[in-house]
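Asks: Input structure_16.txt, format and content: compact mmCIF, C-alpha atoms.
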# COMPACT_ATOMS: atom_id res chain seq x y z
CA MET A 18 -163.72 156.68 -129.03
CA LYS A 19 -163.51 153.25 -130.57
CA THR A 20 -160.18 154.19 -132.05
CA LYS A 21 -158.82 155.29 -128.66
CA LYS A 22 -159.88 151.96 -127.10
CA MET A 23 -158.17 149.95 -129.81
CA LEU A 24 -155.03 152.04 -129.53
CA THR A 25 -154.95 151.58 -125.76
CA LEU A 26 -155.39 147.82 -126.09
CA ALA A 27 -152.65 147.57 -128.70
CA LEU A 28 -150.18 149.56 -126.57
CA ALA A 29 -151.05 147.52 -123.46
CA ALA A 30 -150.44 144.29 -125.36
CA ALA A 31 -147.12 145.61 -126.59
CA MET A 32 -146.02 146.63 -123.09
CA ALA A 33 -147.11 143.29 -121.60
CA LEU A 34 -145.10 141.42 -124.21
CA THR A 35 -142.08 143.57 -123.48
CA VAL A 36 -142.24 142.93 -119.73
CA THR A 37 -142.53 139.18 -120.29
CA VAL A 38 -139.41 139.17 -122.44
CA SER A 39 -137.55 141.26 -119.86
CA VAL A 40 -138.28 138.81 -117.08
CA ALA A 41 -137.26 135.86 -119.18
CA ALA A 42 -134.03 137.53 -120.07
CA GLU A 43 -133.37 138.34 -116.44
CA GLU A 44 -133.96 134.71 -115.49
CA ILE A 45 -131.51 133.61 -118.11
CA GLU A 46 -128.89 135.95 -116.68
CA LEU A 47 -129.28 134.33 -113.31
CA THR A 48 -129.06 130.83 -114.67
CA PRO A 49 -125.33 130.10 -114.74
CA ALA A 50 -124.38 128.20 -111.62
CA SER A 51 -120.86 127.76 -110.36
CA PRO A 52 -119.83 124.13 -110.27
CA GLU A 53 -117.20 124.90 -107.66
CA GLY A 54 -117.39 122.95 -104.48
CA GLN A 55 -118.57 119.80 -106.22
CA THR A 56 -115.13 118.37 -106.86
CA GLU A 57 -114.50 115.03 -105.28
CA VAL A 58 -110.81 114.45 -104.88
CA THR A 59 -110.16 110.78 -104.43
CA ALA A 60 -106.40 110.85 -104.80
CA LYS A 61 -104.08 110.42 -101.85
CA ILE A 62 -101.81 113.40 -101.94
CA VAL A 63 -98.87 114.46 -99.82
CA GLY A 64 -99.53 118.02 -98.67
CA ALA A 65 -101.87 120.35 -100.54
CA ALA A 66 -102.30 119.59 -104.23
CA GLY A 67 -100.38 122.03 -106.40
CA ASP A 68 -98.22 123.30 -103.56
CA VAL A 69 -94.46 123.03 -103.50
CA SER A 70 -93.66 119.88 -101.52
CA TYR A 71 -89.89 120.10 -101.61
CA ILE A 72 -86.99 122.14 -102.91
CA ILE A 73 -83.71 120.67 -104.07
CA THR A 74 -80.58 122.56 -104.99
CA ILE A 75 -78.63 121.60 -108.10
CA PRO A 76 -75.31 122.89 -109.50
CA ASP A 77 -75.66 125.75 -111.97
CA VAL A 78 -72.97 124.71 -114.41
CA VAL A 79 -70.44 122.08 -115.33
CA ASP A 80 -67.15 123.95 -115.26
CA PHE A 81 -63.88 122.07 -115.43
CA GLY A 82 -61.87 125.25 -115.82
CA VAL A 83 -58.81 125.09 -118.04
CA LEU A 84 -57.95 121.61 -119.30
CA SER A 85 -54.35 120.62 -120.01
CA GLN A 86 -52.89 118.27 -122.56
CA PRO A 87 -50.91 115.57 -120.73
CA ASP A 88 -47.51 114.43 -121.93
CA ASN A 89 -48.43 110.78 -121.65
CA ASP A 90 -51.45 108.55 -121.41
CA THR A 91 -49.84 105.76 -119.48
CA GLU A 92 -51.28 107.14 -116.29
CA ASP A 93 -54.54 108.93 -115.61
CA HIS A 94 -54.75 112.72 -115.60
CA PHE A 95 -58.05 113.45 -113.97
CA ALA A 96 -59.67 116.83 -113.81
CA ASP A 97 -62.12 116.62 -110.91
CA LYS A 98 -64.89 119.06 -110.22
CA ALA A 99 -66.96 118.91 -107.05
CA TYR A 100 -70.71 119.36 -107.18
CA LYS A 101 -73.45 119.32 -104.59
CA VAL A 102 -77.13 118.38 -104.68
CA THR A 103 -79.09 119.24 -101.55
CA ALA A 104 -82.54 118.63 -100.13
CA LYS A 105 -83.11 122.23 -99.11
CA GLN A 106 -86.59 121.56 -97.82
CA ILE A 107 -88.98 118.64 -97.72
CA THR A 108 -92.46 118.98 -96.22
CA GLY A 109 -95.32 116.62 -95.45
CA MET A 110 -93.61 113.43 -96.59
CA ASN A 111 -93.44 110.25 -94.52
CA PRO A 112 -89.75 109.25 -94.78
CA ASP A 113 -90.60 105.67 -93.82
CA GLU A 114 -92.67 105.28 -96.96
CA GLN A 115 -91.43 107.83 -99.44
CA GLN A 116 -88.39 109.75 -100.58
CA VAL A 117 -87.47 112.47 -103.02
CA GLY A 118 -85.72 110.57 -105.76
CA VAL A 119 -83.15 112.55 -107.75
CA TYR A 120 -81.97 111.36 -111.16
CA VAL A 121 -79.43 112.86 -113.52
CA LYS A 122 -78.63 112.51 -117.19
CA ASN A 123 -76.65 114.22 -119.89
CA GLN A 124 -78.84 116.57 -121.89
CA GLY A 125 -80.33 114.61 -124.78
CA ALA A 126 -79.37 111.19 -123.41
CA THR A 127 -81.67 108.27 -124.15
CA VAL A 128 -82.42 104.96 -122.45
CA GLY A 129 -79.79 102.38 -123.29
CA GLY A 130 -77.75 104.90 -125.25
CA ASP A 131 -74.27 106.30 -124.72
CA PRO A 132 -73.79 106.38 -120.94
CA LYS A 133 -71.20 109.15 -120.87
CA PHE A 134 -71.69 112.81 -120.09
CA TYR A 135 -70.14 115.36 -122.44
CA ILE A 136 -68.81 118.85 -122.75
CA THR A 137 -68.84 120.13 -126.31
CA ASN A 138 -66.96 122.87 -128.14
CA LYS A 139 -69.34 125.81 -128.46
CA ALA A 140 -68.02 126.67 -131.93
CA ASP A 141 -67.74 123.11 -133.25
CA SER A 142 -70.11 120.51 -131.88
CA SER A 143 -68.07 117.69 -133.44
CA LYS A 144 -65.40 118.27 -130.78
CA SER A 145 -66.32 116.99 -127.36
CA PHE A 146 -64.88 115.26 -124.30
CA TYR A 147 -66.64 112.95 -121.94
CA TYR A 148 -66.74 112.87 -118.17
CA ASP A 149 -68.20 110.62 -115.52
CA ILE A 150 -70.30 111.28 -112.44
CA TYR A 151 -69.56 109.98 -108.97
CA ASP A 152 -71.79 110.34 -105.94
CA CYS A 153 -68.88 110.88 -103.55
CA PRO A 154 -66.03 113.37 -103.12
CA ALA A 155 -62.89 112.89 -105.23
CA ALA A 156 -60.88 111.89 -102.17
CA GLN A 157 -63.16 108.88 -101.67
CA ILE A 158 -62.92 107.59 -105.21
CA ALA A 159 -60.89 104.40 -105.23
CA ASP A 160 -59.90 102.20 -108.15
CA ASN A 161 -62.97 100.06 -107.60
CA THR A 162 -65.41 102.94 -107.07
CA ALA A 163 -68.01 102.86 -109.79
CA ASN A 164 -69.31 106.02 -111.38
CA ILE A 165 -73.11 106.20 -111.45
CA ASN A 166 -73.11 106.20 -115.26
CA ALA A 167 -70.99 103.07 -115.58
CA ASN A 168 -73.77 101.21 -117.40
CA ALA A 169 -76.34 102.12 -120.02
CA MET A 170 -78.94 104.58 -118.77
CA PRO A 171 -81.80 102.52 -117.30
CA TYR A 172 -84.57 105.13 -117.18
CA ALA A 173 -85.63 107.96 -119.46
CA ILE A 174 -85.31 110.29 -116.50
CA GLY A 175 -81.65 109.37 -115.98
CA TYR A 176 -79.40 107.60 -113.52
CA LYS A 177 -80.53 107.42 -109.92
CA LEU A 178 -78.30 109.75 -107.94
CA VAL A 179 -79.90 109.77 -104.50
CA GLY A 180 -83.10 109.36 -102.52
CA PHE A 181 -83.61 112.18 -100.00
CA SER A 182 -85.63 111.45 -96.87
CA GLU A 183 -85.14 114.60 -94.85
CA THR A 184 -84.36 118.25 -95.18
CA GLY A 185 -80.64 118.98 -95.18
CA GLU A 186 -79.46 115.74 -96.78
CA GLU A 187 -76.99 116.23 -99.58
CA VAL A 188 -74.78 114.55 -102.12
CA ASN A 189 -71.21 115.80 -102.35
CA GLY A 190 -70.18 114.30 -105.63
CA THR A 191 -67.51 114.54 -108.27
CA LEU A 192 -67.47 115.11 -112.00
CA ARG A 193 -64.35 113.46 -113.39
CA LEU A 194 -62.82 114.12 -116.79
CA ASN A 195 -59.73 112.19 -117.80
CA GLN A 196 -57.49 114.60 -119.70
CA ASN A 197 -55.86 111.67 -121.45
CA GLN A 198 -58.55 112.33 -124.07
CA LEU A 199 -56.43 115.31 -125.11
CA TYR A 200 -53.24 113.30 -125.43
CA GLY A 201 -51.82 113.22 -128.96
CA LEU A 202 -54.34 115.72 -130.35
CA ASN A 203 -53.34 118.75 -132.37
CA ILE A 204 -54.43 120.97 -129.56
CA ALA A 205 -54.62 124.05 -131.80
CA GLU A 206 -57.65 122.46 -133.42
CA TYR A 207 -59.35 121.92 -130.09
CA VAL A 208 -58.89 125.23 -128.34
CA GLY A 209 -62.10 127.02 -127.41
CA ASP A 210 -64.90 127.10 -124.88
CA TYR A 211 -66.64 123.87 -124.00
CA SER A 212 -69.93 123.43 -122.22
CA GLY A 213 -72.16 120.58 -121.15
CA TYR A 214 -75.50 120.37 -119.44
CA MET A 215 -76.85 117.99 -116.90
CA VAL A 216 -80.58 117.48 -116.41
CA PHE A 217 -81.74 116.70 -112.88
CA TYR A 218 -85.08 114.97 -112.49
CA SER A 219 -86.78 114.74 -109.10
CA MET A 220 -90.00 113.23 -107.86
CA ILE A 221 -91.58 111.84 -104.71
CA GLU A 222 -91.42 108.07 -104.94
CA ASP A 223 -92.33 105.13 -102.74
CA ILE A 224 -89.47 103.38 -101.03
CA MET B 27 -165.72 159.73 -152.91
CA ASN B 28 -164.45 159.24 -149.39
CA ASN B 29 -167.04 159.38 -146.71
CA PRO B 30 -166.20 160.11 -143.01
CA THR B 31 -166.68 156.46 -141.98
CA THR B 32 -164.12 155.26 -144.48
CA LYS B 33 -161.67 157.95 -143.35
CA SER B 34 -162.11 156.92 -139.73
CA LYS B 35 -161.52 153.23 -140.57
CA LYS B 36 -158.31 154.09 -142.43
CA LYS B 37 -157.12 156.17 -139.50
CA THR B 38 -157.82 153.31 -137.11
CA ILE B 39 -155.93 150.84 -139.25
CA ILE B 40 -152.94 153.18 -139.45
CA ILE B 41 -152.94 153.68 -135.69
CA ILE B 42 -153.15 149.95 -135.04
CA ALA B 43 -150.34 149.33 -137.51
CA LEU B 44 -148.21 151.95 -135.83
CA ALA B 45 -148.97 150.46 -132.40
CA VAL B 46 -148.02 146.99 -133.59
CA LEU B 47 -144.86 148.38 -135.16
CA LEU B 48 -144.01 150.18 -131.93
CA ALA B 49 -144.64 147.00 -129.95
CA ALA B 50 -142.42 145.03 -132.30
CA LEU B 51 -139.67 147.62 -131.93
CA LEU B 52 -139.97 147.54 -128.16
CA VAL B 53 -139.85 143.75 -128.12
CA THR B 54 -136.82 143.69 -130.40
CA ALA B 55 -135.04 146.30 -128.28
CA ALA B 56 -135.89 144.41 -125.10
CA VAL B 57 -134.61 141.14 -126.51
CA ILE B 58 -131.36 142.73 -127.67
CA LEU B 59 -130.72 144.79 -124.54
CA LEU B 60 -131.79 142.26 -121.97
CA GLN B 61 -130.31 139.20 -123.57
CA PRO B 62 -127.62 137.69 -121.28
CA LYS B 63 -124.19 138.60 -122.47
CA GLU B 64 -122.52 135.57 -123.93
CA GLU B 65 -119.22 134.83 -122.22
CA PRO B 66 -116.39 134.55 -124.70
CA PRO B 67 -115.53 130.91 -125.28
CA LYS B 68 -112.70 129.70 -123.12
CA GLU B 69 -109.63 130.04 -125.23
CA PRO B 70 -106.84 127.65 -124.48
CA ALA B 71 -103.64 129.32 -123.38
CA LYS B 72 -101.12 129.90 -126.11
CA GLY B 73 -97.64 130.01 -124.67
CA VAL B 74 -96.97 133.04 -122.58
CA VAL B 75 -100.01 133.84 -120.49
CA GLY B 76 -101.01 133.67 -116.87
CA VAL B 77 -100.66 135.90 -113.87
CA ILE B 78 -97.06 136.19 -112.86
CA THR B 79 -96.32 137.83 -109.56
CA ASP B 80 -93.12 139.51 -108.44
CA ASN B 81 -93.23 138.19 -104.90
CA TRP B 82 -93.75 134.52 -105.61
CA ASP B 83 -93.12 132.36 -102.58
CA PRO B 84 -92.88 128.58 -102.73
CA GLN B 85 -94.51 128.59 -99.27
CA VAL B 86 -92.41 125.85 -97.82
CA SER B 87 -90.91 126.60 -94.43
CA GLN B 88 -87.25 127.46 -94.41
CA PRO B 89 -84.79 124.90 -93.08
CA THR B 90 -83.86 125.23 -89.46
CA SER B 91 -80.19 124.78 -90.21
CA GLY B 92 -77.79 125.08 -93.12
CA SER B 93 -75.75 127.80 -94.70
CA ALA B 94 -77.58 130.89 -95.80
CA SER B 95 -75.33 131.51 -98.78
CA GLN B 96 -75.84 128.16 -100.40
CA SER B 97 -74.56 127.90 -103.96
CA GLY B 98 -76.50 126.26 -106.74
CA THR B 99 -80.01 126.67 -108.03
CA GLN B 100 -83.14 125.92 -106.03
CA ILE B 101 -85.72 123.83 -107.87
CA PRO B 102 -89.32 123.47 -106.58
CA GLY B 103 -90.83 119.98 -106.55
CA TYR B 104 -94.39 118.71 -106.24
CA SER B 105 -96.31 115.77 -104.91
CA ALA B 106 -99.45 116.09 -106.99
CA ALA B 107 -101.95 118.46 -108.56
CA THR B 108 -105.68 118.15 -109.16
CA MET B 109 -108.16 119.60 -111.61
CA GLN B 110 -111.55 118.82 -113.11
CA GLU B 111 -112.24 117.64 -116.60
CA GLY B 112 -113.04 120.74 -118.63
CA ASP B 113 -110.82 123.06 -116.59
CA LEU B 114 -108.45 125.26 -118.53
CA SER B 115 -106.32 126.20 -115.57
CA LEU B 116 -104.43 124.30 -112.90
CA LYS B 117 -103.55 125.32 -109.38
CA LEU B 118 -99.81 124.71 -109.31
CA ARG B 119 -97.12 126.89 -107.78
CA ILE B 120 -94.62 127.28 -110.59
CA GLY B 121 -91.87 129.81 -109.94
CA ASN B 122 -88.31 130.84 -109.38
CA PRO B 123 -87.32 131.00 -105.68
CA LYS B 124 -86.09 134.45 -104.75
CA ASP B 125 -82.68 133.26 -103.54
CA ASN B 126 -81.71 132.01 -106.99
CA HIS B 127 -79.30 133.86 -109.24
CA VAL B 128 -80.51 132.41 -112.53
CA GLY B 129 -83.57 132.78 -114.72
CA PHE B 130 -86.15 130.07 -115.36
CA TYR B 131 -88.23 129.13 -118.34
CA ALA B 132 -90.85 126.78 -116.94
CA THR B 133 -92.76 124.30 -119.07
CA LEU B 134 -95.60 122.14 -117.77
CA LYS B 135 -96.03 118.98 -119.80
CA LEU B 136 -97.23 115.41 -119.69
CA SER B 137 -94.98 112.40 -119.95
CA ASP B 138 -96.07 111.90 -123.57
CA GLY B 139 -94.65 115.32 -124.41
CA THR B 140 -97.94 117.23 -124.52
CA VAL B 141 -97.11 120.81 -123.51
CA LEU B 142 -99.74 122.38 -121.27
CA TYR B 143 -98.00 125.64 -120.40
CA THR B 144 -94.82 127.55 -121.19
CA SER B 145 -93.75 130.54 -119.12
CA PRO B 146 -91.84 133.61 -120.13
CA LEU B 147 -88.53 134.25 -118.38
CA LEU B 148 -89.11 134.02 -114.64
CA GLU B 149 -86.62 136.03 -112.66
CA PRO B 150 -85.90 135.15 -109.02
CA GLY B 151 -89.02 135.82 -106.97
CA GLN B 152 -91.38 135.56 -109.93
CA GLY B 153 -93.92 132.80 -110.36
CA LEU B 154 -97.53 131.71 -110.72
CA GLU B 155 -100.06 130.16 -108.39
CA GLU B 156 -102.49 129.11 -111.10
CA VAL B 157 -101.37 128.03 -114.53
CA PRO B 158 -103.46 128.48 -117.70
CA LEU B 159 -103.50 125.37 -119.84
CA THR B 160 -103.30 124.96 -123.61
CA GLN B 161 -106.00 122.31 -123.38
CA THR B 162 -108.13 120.52 -120.86
CA LEU B 163 -107.68 116.86 -120.00
CA ALA B 164 -110.01 113.89 -119.77
CA LYS B 165 -110.59 112.19 -116.44
CA GLY B 166 -107.68 110.10 -115.34
CA THR B 167 -104.26 110.10 -113.73
CA TYR B 168 -101.34 111.53 -115.63
CA ASP B 169 -97.58 111.62 -115.14
CA ALA B 170 -96.74 115.29 -115.44
CA VAL B 171 -93.55 117.31 -115.12
CA VAL B 172 -92.52 120.91 -114.71
CA GLU B 173 -89.37 121.45 -116.71
CA TYR B 174 -87.25 124.26 -115.32
CA ARG B 175 -84.81 125.39 -118.00
CA CYS B 176 -82.22 127.56 -116.29
CA VAL B 177 -80.48 130.46 -118.03
CA LEU B 178 -78.09 133.26 -117.12
CA LEU B 179 -80.00 136.28 -115.88
CA GLU B 180 -77.62 138.64 -117.68
CA ASP B 181 -78.82 137.72 -121.14
CA GLY B 182 -81.82 135.51 -120.42
CA LYS B 183 -80.67 132.84 -122.86
CA THR B 184 -77.29 131.29 -122.03
CA PRO B 185 -78.25 127.80 -120.88
CA LEU B 186 -77.24 126.27 -117.56
CA ASN B 187 -78.02 122.90 -116.06
CA SER B 188 -81.74 122.28 -115.99
CA ALA B 189 -84.18 120.33 -113.86
CA GLU B 190 -87.48 118.53 -114.11
CA SER B 191 -89.95 118.01 -111.26
CA GLY B 192 -92.25 115.06 -111.80
CA PHE B 193 -95.65 114.62 -110.14
CA LYS B 194 -99.05 113.01 -110.53
CA LEU B 195 -101.84 115.04 -112.10
CA TYR B 196 -105.32 113.83 -111.12
CA VAL B 197 -108.24 114.89 -113.29
CA SER B 198 -111.68 114.15 -111.82
What's the structure tokens form of this structure?
Replies:
Amino acid sequence: MKTKKMLTLALAAAMALTVTVSVAAEEIELTPASPEGQTEVTAKIVGAAGDVSYIITIPDVVDFGVLSQPDNDTEDHFADKAYKVTAKQITGMNPDEQQVGVYVKNQGATVGGDPKFYITNKADSSKSFYYDIYDCPAAQIADNTANINANAMPYAIGYKLVGFSETGEEVNGTLRLNQNQLYGLNIAEYVGDYSGYMVFYSMIEDI
Amino acid sequence: MNNPTTKSKKKTIIIIALAVLLAALLVTAAVILLQPKEEPPKEPAKGVVGVITDNWDPQVSQPTSGSASQSGTQIPGYSAATMQEGDLSLKLRIGNPKDNHVGFYATLKLSDGTVLYTSPLLEPGQGLEEVPLTQTLAKGTYDAVVEYRCVLLEDGKTPLNSAESGFKLYVS
């Protein structure tokens, strides 16, 4: 009889202990609280943060087509290629205060470095030709028209090309390569495919 | 010689020992089974991760005028993005607009060169709404950029002109 009592007490104690642990564990499971909803955003942001605020269109490639060796270098022999950069869509921006600034640079260009843009032989990177960028059509380029890369590159993000205020604005520009660079070369050594890459940087900036 | 009283005491001790052992087993089992499952530690993203959808939409209204068959490559741009210190993801719509004819490799990085995310090849119409980050950031304001490296879709590697979209990243 005494034995039965002791056994009952021991089992009851064991069960009680088990229940206590179960409850504690359950409480722990319920503990994690989501911190969401406590964020205080103090920044002034145009449109919803993380959303696309604008879309610009850039040219896919730099393609001068087939270049020709001129028979003299006493006059210019320009190969002009038109390009277009467009503000396809701009939303939620006050054009009186801000604009979408678009900058351009030759791939790998650095501040204060060589201002020219290049196309390079795909098989031999030591062979390259430079070209300049204008922000107007070829027909509007006069003798005194400056290319945008006339001076050393002022910013790491490139030369300022345009500031867009509204949807639909565009730059109809010109890439100009003077084929006089080919004059006097043993052209057999220079045949091949050439390519060059422009990097367009855009951002919303204050006017 | 064992008398009945001694036998009974031994029996009692054995029963108590067994009961205690049983209780200990039950407690151990309860602790193991009912312990809250530890969440795996947040692993920073390593390169190609994130949810990429096939019907990514930049969600900016279409222009009311302009040619439909515009040449060139469309590049999304941003005003700003926000996150909290400790977050390992960022709400930012990175993607390749469906009207494009080129592929994108998108890289999210800070102005000091710290890379926070690199995408796999994004074909037109593919993109992300939330970007996993390689690391979290301390409170502050950062100059960030999404670098869109454009390639031919045919081979996924021949480079084209590329673009970078700069914006402010606020961490609170």
Asks: Within 10 Å of Asp88 of chain A, counting all atoms listed in the file, which residues show up once you throw out same-chain ones fewer than 4 positions away? Write them as a list in words, please.
Replies: Glu92, His94, Asn197, Leu199, Tyr200 and Gly201 of chain A
Asks: I need the chosen residues saved as an mmCIF file, keeping the file's coordinate frame, with C-alpha atoms.
Replies:
data_model
loop_
_atom_site.group_PDB
_atom_site.id
_atom_site.type_symbol
_atom_site.label_atom_id
_atom_site.label_comp_id
_atom_site.auth_asym_id
_atom_site.auth_seq_id
_atom_site.Cartn_x
_atom_site.Cartn_y
_atom_site.Cartn_z
ATOM 1 C CA GLU A 92 -51.280 107.140 -116.290
ATOM 2 C CA HIS A 94 -54.750 112.720 -115.600
ATOM 3 C CA ASN A 197 -55.860 111.670 -121.450
ATOM 4 C CA LEU A 199 -56.430 115.310 -125.110
ATOM 5 C CA TYR A 200 -53.240 113.300 -125.430
ATOM 6 C CA GLY A 201 -51.820 113.220 -128.960
#
Asks: Return as a ChimeraX atom specification the residues belonging to chain B that are within 6 Å of chain A, counting all atoms listed in the file.
Replies: /B:38,45,49,53,60-62,84,98-107,117-119,186-192
Asks: So that I have them on file, write out the residues from the current selection with C-alpha atoms, as a PDB file, in the frame of the given file.
Replies:
ATOM      1  CA  THR B  38    -157.820 153.310-137.110  1.00  0.00           C
ATOM      2  CA  ALA B  45    -148.970 150.460-132.400  1.00  0.00           C
ATOM      3  CA  ALA B  49    -144.640 147.000-129.950  1.00  0.00           C
ATOM      4  CA  VAL B  53    -139.850 143.750-128.120  1.00  0.00           C
ATOM      5  CA  LEU B  60    -131.790 142.260-121.970  1.00  0.00           C
ATOM      6  CA  GLN B  61    -130.310 139.200-123.570  1.00  0.00           C
ATOM      7  CA  PRO B  62    -127.620 137.690-121.280  1.00  0.00           C
ATOM      8  CA  PRO B  84     -92.880 128.580-102.730  1.00  0.00           C
ATOM      9  CA  GLY B  98     -76.500 126.260-106.740  1.00  0.00           C
ATOM     10  CA  THR B  99     -80.010 126.670-108.030  1.00  0.00           C
ATOM     11  CA  GLN B 100     -83.140 125.920-106.030  1.00  0.00           C
ATOM     12  CA  ILE B 101     -85.720 123.830-107.870  1.00  0.00           C
ATOM     13  CA  PRO B 102     -89.320 123.470-106.580  1.00  0.00           C
ATOM     14  CA  GLY B 103     -90.830 119.980-106.550  1.00  0.00           C
ATOM     15  CA  TYR B 104     -94.390 118.710-106.240  1.00  0.00           C
ATOM     16  CA  SER B 105     -96.310 115.770-104.910  1.00  0.00           C
ATOM     17  CA  ALA B 106     -99.450 116.090-106.990  1.00  0.00           C
ATOM     18  CA  ALA B 107    -101.950 118.460-108.560  1.00  0.00           C
ATOM     19  CA  LYS B 117    -103.550 125.320-109.380  1.00  0.00           C
ATOM     20  CA  LEU B 118     -99.810 124.710-109.310  1.00  0.00           C
ATOM     21  CA  ARG B 119     -97.120 126.890-107.780  1.00  0.00           C
ATOM     22  CA  LEU B 186     -77.240 126.270-117.560  1.00  0.00           C
ATOM     23  CA  ASN B 187     -78.020 122.900-116.060  1.00  0.00           C
ATOM     24  CA  SER B 188     -81.740 122.280-115.990  1.00  0.00           C
ATOM     25  CA  ALA B 189     -84.180 120.330-113.860  1.00  0.00           C
ATOM     26  CA  GLU B 190     -87.480 118.530-114.110  1.00  0.00           C
ATOM     27  CA  SER B 191     -89.950 118.010-111.260  1.00  0.00           C
ATOM     28  CA  GLY B 192     -92.250 115.060-111.800  1.00  0.00           C
TER      29      GLY B 192
END
Asks: Do you know which residues are at most 10 Å from Ile158 of chain A counting all atoms listed in the file, after dropping those on the same chain fewer than 6 positions away, and could you put them as number ranges by chain?
Replies: A: 151-152, 164, 190-191
Asks: Can you tell me, as a PyMOL selection string, what residues are no more than 9 Å from Val171 of chain B when counting all atoms listed in the file, ignoring any on the same chain fewer than 2 positions away?
Replies: chain B and resi 133-137+169+173+190-194
Asks: Which value, in Å to one decimal, gives the distance between atom CA of Gln161 of chain B and atom CA of Ser198 of chain B?
Replies: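 That distance, rounded to one decimal, is 15.2 Å.
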Asks: In Å, how far is it from atom CA of Phe134 of chain A to atom CA of Asp210 of chain A?
Replies: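 About the pair atom CA of Phe134 of chain A and atom CA of Asp210 of chain A: they are 16.5 Å apart.
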Asks: One number please: atom CA of Tyr196 of chain B to atom CA of Thr140 of chain B, in Å, one decimal.
Replies: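 Computing the Euclidean distance for atom CA of Tyr196 of chain B and atom CA of Thr140 of chain B yields 15.7 Å.
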Asks: Near Val157 of chain B, within 7 Å and counting all atoms listed in the file, which residues show up once chain neighbours fewer than 2 positions away are dropped, as a PDB file with C-alpha atoms, in the coordinates of the input?
Replies:
ATOM      1  CA  GLY B  76    -101.010 133.670-116.870  1.00  0.00           C
ATOM      2  CA  SER B 115    -106.320 126.200-115.570  1.00  0.00           C
ATOM      3  CA  LEU B 116    -104.430 124.300-112.900  1.00  0.00           C
ATOM      4  CA  LYS B 117    -103.550 125.320-109.380  1.00  0.00           C
ATOM      5  CA  LEU B 118     -99.810 124.710-109.310  1.00  0.00           C
ATOM      6  CA  LEU B 154     -97.530 131.710-110.720  1.00  0.00           C
ATOM      7  CA  GLU B 155    -100.060 130.160-108.390  1.00  0.00           C
ATOM      8  CA  LEU B 159    -103.500 125.370-119.840  1.00  0.00           C
TER       9      LEU B 159
END
Asks: Can you list, as a PDB file with C-alpha atoms, in the coordinates of the input, every protein, DNA or RNA residue that comes within 12 Å of Gly182 of chain B when you count all atoms listed in the file, leaving out same-chain residues fewer than 2 positions away?
Replies:
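Saved the output as around.pdb:
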ATOM      1  CA  HIS B 127     -79.300 133.860-109.240  1.00  0.00           C
ATOM      2  CA  VAL B 128     -80.510 132.410-112.530  1.00  0.00           C
ATOM      3  CA  GLY B 129     -83.570 132.780-114.720  1.00  0.00           C
ATOM      4  CA  PHE B 130     -86.150 130.070-115.360  1.00  0.00           C
ATOM      5  CA  TYR B 131     -88.230 129.130-118.340  1.00  0.00           C
ATOM      6  CA  PRO B 146     -91.840 133.610-120.130  1.00  0.00           C
ATOM      7  CA  LEU B 147     -88.530 134.250-118.380  1.00  0.00           C
ATOM      8  CA  LEU B 148     -89.110 134.020-114.640  1.00  0.00           C
ATOM      9  CA  GLU B 149     -86.620 136.030-112.660  1.00  0.00           C
ATOM     10  CA  ARG B 175     -84.810 125.390-118.000  1.00  0.00           C
ATOM     11  CA  CYS B 176     -82.220 127.560-116.290  1.00  0.00           C
ATOM     12  CA  VAL B 177     -80.480 130.460-118.030  1.00  0.00           C
ATOM     13  CA  LEU B 178     -78.090 133.260-117.120  1.00  0.00           C
ATOM     14  CA  LEU B 179     -80.000 136.280-115.880  1.00  0.00           C
ATOM     15  CA  GLU B 180     -77.620 138.640-117.680  1.00  0.00           C
ATOM     16  CA  THR B 184     -77.290 131.290-122.030  1.00  0.00           C
ATOM     17  CA  PRO B 185     -78.250 127.800-120.880  1.00  0.00           C
ATOM     18  CA  LEU B 186     -77.240 126.270-117.560  1.00  0.00           C
TER      19      LEU B 186
END
Asks: Rank B:Ile39, B:Leu195, B:Leu142, B:Leu48 by their smallest atom-to-atom distance to Thr160 of chain B, using only C-alpha atoms, and report the top residue only.
Replies: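 For Thr160 of chain B, the nearest of the candidates is B:Leu142.
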